[in-house]
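Working notes, structure below.
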Amino acid sequence: MEKKIFIKTFGCQMNEYDSNRIYDSVKKLGFRKSLDQENLDCYILNTCHIRDKAKEKVYHEIGRVKKLYKEKSKPIIVVAGCVAQAENQEMLNREPYIDIVIGPQSYHKINDKLKNFIKDTKIEETEFDTVTKFNYFDNIKNKNNKISSYLTIQEGCDKFCSFCVVPYTRGPEYSRPFNKIIVEAESLIKNGVKEIILLGQNVNAYSFKEKSKEYRISDIIKKLSSYNELKRIRYSTSHPRDMTDDLIECYSTNNKLMPLVHLPIQSGSNKILKLMNRKHTVEKYVEIYEKLIKINPKIKFSSDFIISYPGETDSDFKQTLNLVKKIKFINSFSFIFSPRPGTKASNLEQISKEISKERLLQIQDHLFKFQLNMNKSFIDKSIDVLVENQISGQKKLFGRNQYMNGVIFEGNQNFIGKNVNIKIEHVNQNNLFGKSEKKNMRAA
C-alpha cells in the first residue's frame with residue numbers, strides 16, 4: 001500500500017542531497033513523495049545547525065504540523081539532520097509530538113526505524129556510522145534527474161574551527177571511495193543531469209587511498225570531465241588550507257570546471273583567524289587568489305564572512321573590509337557571529353548588537369555593490385546559460401551562467417537541459433534577465 005511522505009529541508013546543499021537520498025531509500029517501503037502536507041503518513045524535518053535559532057525553527061515547524069493534524073491522526077514525525085544530532089534525546093523530552101530523532105550519519109537506518117515503528121514509542125538514533133551509511137546508499141540508485149545535481153564525495157571535518165559545530169554533528173572527515181563516486185555520477189548522467197556539484201564539509205580535503213594511488217578531488221574532476229553528456233562541474237565548500245596545486249591546475253586545463261571559486265575566509269584579520277582556529281592566514285588566502293587568477297583570468301571569488309567574532313576590533317574589521325575591496329567578491333555570505341552550544345567560542349564575550357549590525361551593514365554594502373557591478377557587466381552581452389527548468393506558473397525559463405548567476409528569459413521548453421546563448425537586457429542584485437538569441441530558436 002502506497003504511503004505519503006514529505007521532507008522539509010533546511011540549510012546547506014548537503015542536506016538537500018541527503019533528503020533526496022532518503023526519498024530514494026524510503027521508496028522501498030512504499031512511501032511516495034507528496035506535496036500535500038495535510039494527509040501524510042510520515043513527515044521528516046531535515047535540519048541545519050549552522051545558523052542562529054536553528055533549534056527554535058524546528059519546534060516552530062513542529063507546532064505548525066500539530067495544528068494541521070489537530071483533528072486527525074498524526075503522521076510519524078521524524079527530526080533528522082544536524083539539530084537532531086546535537087540535541088538528540090533532549091528533543092524527545094521537550095516535544096512529545098516527535099517520534100524519531102535521527103542524525104545525519106544514521107540515515108541508513110531510517111527504513112528499519114519506519115518499518116518497525118510502534119505508535120507512542122520514541123526512537124533516538126545518533127551514532128556516527130559514516131562508512132556503513134555510504135555502503136548502504138551505494139546500493140540504492142540516485143534517482144535525481146534535475147539538470148543540476150549534488151553529489152556528496154566527502155563528509156565531516158577535522159579542522160575544529162572555534163565557532164563551528166560540524167565536527168560534532170557530522171563527525172570526522174571521511175572520503176568516499178573514488179569508484180563509488182564515479183558510479184553514482186554515471187547514474188546521475190544517465191538520468192539526464194548536465195551539471196554535477198561535488199559536496200563536502202571540506203570538499204577539497206577529499207583523499208581516498210587505494211593500493212598505491214591517492215585520489216584527490218582533482219582526479220574526480222578530471223574523470224567527470226571525460227563524460228560528453230556532462231557539461232559543467234562545480235564543488236562546495238572548500239577550505240583554504242586544502243587548496244592544493246593539483247586542484248588549482250584544473251582551472252587552466254578543464255573547461256567544464258566553472259570559474260567561480262567559493263572559498264570561505266571568514267575574516268580579513270590574522271588575529272581573528274587565529275582565534276577562530278582557521279589554520280590559514282590572509283597572506284596565504286591572497287596567494288591562492290593570485291595563483292588562480294594568473295592561471296585563469298576569468299575566475300571570480302565568493303566567500304563567507306563572520307562579522308563581530310569575539311575579540312574583533314575596529315582595526316580587525318577594517319582589515320576585512322580591505323580584503324573585500326581587494327578581491328571584489330561577487331557573491332558572498334556574511335553573518336553576525338552567533339554562538340553554537342558546545343563550541344569553543346560559545347562562552348566568549350560577544351560584541352554589542354549595535355556595533356555588530358553597523359559592521360554587517362558596512363561589509364554587505366561593499367559585497368552587494370561588487371555583486372551588482374558584476375551583474376551589470378553582463379548587460380548587452382551574450383552569455384552561455386545552462387537551462388534548468390521552467391519557472392512555476394510562468395512561461396519563463398530559469399538557468400545559470402558560469403558564475404552561478406540566475407538567468408531568467410522567455411524560451412522554448414526544448415531548451416531545458418541545454419546550453420543556450422542569452423542576450424542580457426537588465427539585471428538586479430540576484431538575477432540577470434534577457435532574451436534567447438535567434439540561433440537558439442533555429443537549434444530548437
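Naming scheme: A, B, ... for chains in displayed order of the C-alpha cells; residues 1 onward per chain; ligands 1 onward as shown.
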
From the DSSP assignment of the backbone, select every residue of region 143-246 of chain A that is alpha helix (DSSP H), and format the answer as a count of residues only.
27

Give me the residues within 8 Å of Ser236 (chain A) as an MDAnalysis selection string, counting only C-alpha atoms and dropping any in the same chain fewer than 3 places off.
chainID A and resid 197:203 262

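Within 7 Å of Asn421 (chain A), once only C-alpha atoms are used and residues closer than 3 positions along the same chain are dropped, the contacting residues are A:Ser382, A:Ile383, A:Asp384, A:Val385, A:Ser436, A:Glu437, A:Asn440.
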
Non-local contacts of Lys328 (chain A) (9 Å; only C-alpha atoms; under 4 positions in same chain excluded) as a PyMOL selection string:
chain A and resi 300-302+323-324+366-367+370-371

Would you export the selected residues with C-alpha atoms as a PDB file, in the first residue's frame, please?
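What follows is the written file selection_17.pdb:
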```
ATOM      1  CA  LYS A 300      35.901  35.149  -9.761  1.00  0.00           C
ATOM      2  CA  PHE A 301      35.710  34.572  -5.999  1.00  0.00           C
ATOM      3  CA  SER A 302      32.913  34.269  -3.475  1.00  0.00           C
ATOM      4  CA  LEU A 323      40.343  42.357   1.727  1.00  0.00           C
ATOM      5  CA  VAL A 324      36.810  42.624   0.305  1.00  0.00           C
ATOM      6  CA  HIS A 366      30.556  46.575  -0.348  1.00  0.00           C
ATOM      7  CA  LEU A 367      29.743  42.939  -1.076  1.00  0.00           C
ATOM      8  CA  PHE A 370      30.547  44.244  -6.205  1.00  0.00           C
ATOM      9  CA  GLN A 371      27.825  41.671  -6.838  1.00  0.00           C
TER      10      GLN A 371
END
```

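As for CA of Asn111 (chain A) and CA of Asn135 (chain A), they are spaced 14.8 Å apart.
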
Tell me, in Å to one decimal, how far CA of Asp138 (chain A) is from CA of Met1 (chain A).
26.2 Å

Shell of 12 Å around Pro75 (chain A), only C-alpha atoms, local chain residues under 5 positions omitted, as a PyMOL selection string:
chain A and resi 3-6+37-44+62+65-66+68-70+97-100+114+117+119-120

With only C-alpha atoms as the basis for distance, which of A:Lys146, A:Phe335, A:Val26, A:Lys256 is at the shortest distance from Ser356 (chain A)?
A:Phe335

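Contact shell of Glu195 (chain A) at 10 Å (only C-alpha atoms; same-chain neighbours under 5 positions omitted): Lys146, Ile147, Ser148, Ser149, Tyr150, Leu188, Ile189, Glu229, Leu230, Lys231, Arg232, Ile233, Arg234, Lys256, Leu257, Leu386, Glu388 and Gly417 of chain A.
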
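The smallest atom-to-atom distance between Gln85 (chain A) and any of A:Ser19, A:Gln105, A:Asn331, A:Asn179, using only C-alpha atoms, is found for A:Gln105.
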
Using DSSP on the backbone coordinates, identify all residues within region 60-153 of chain A classified as strand (DSSP E or B); present the result as a count of residues only.
17
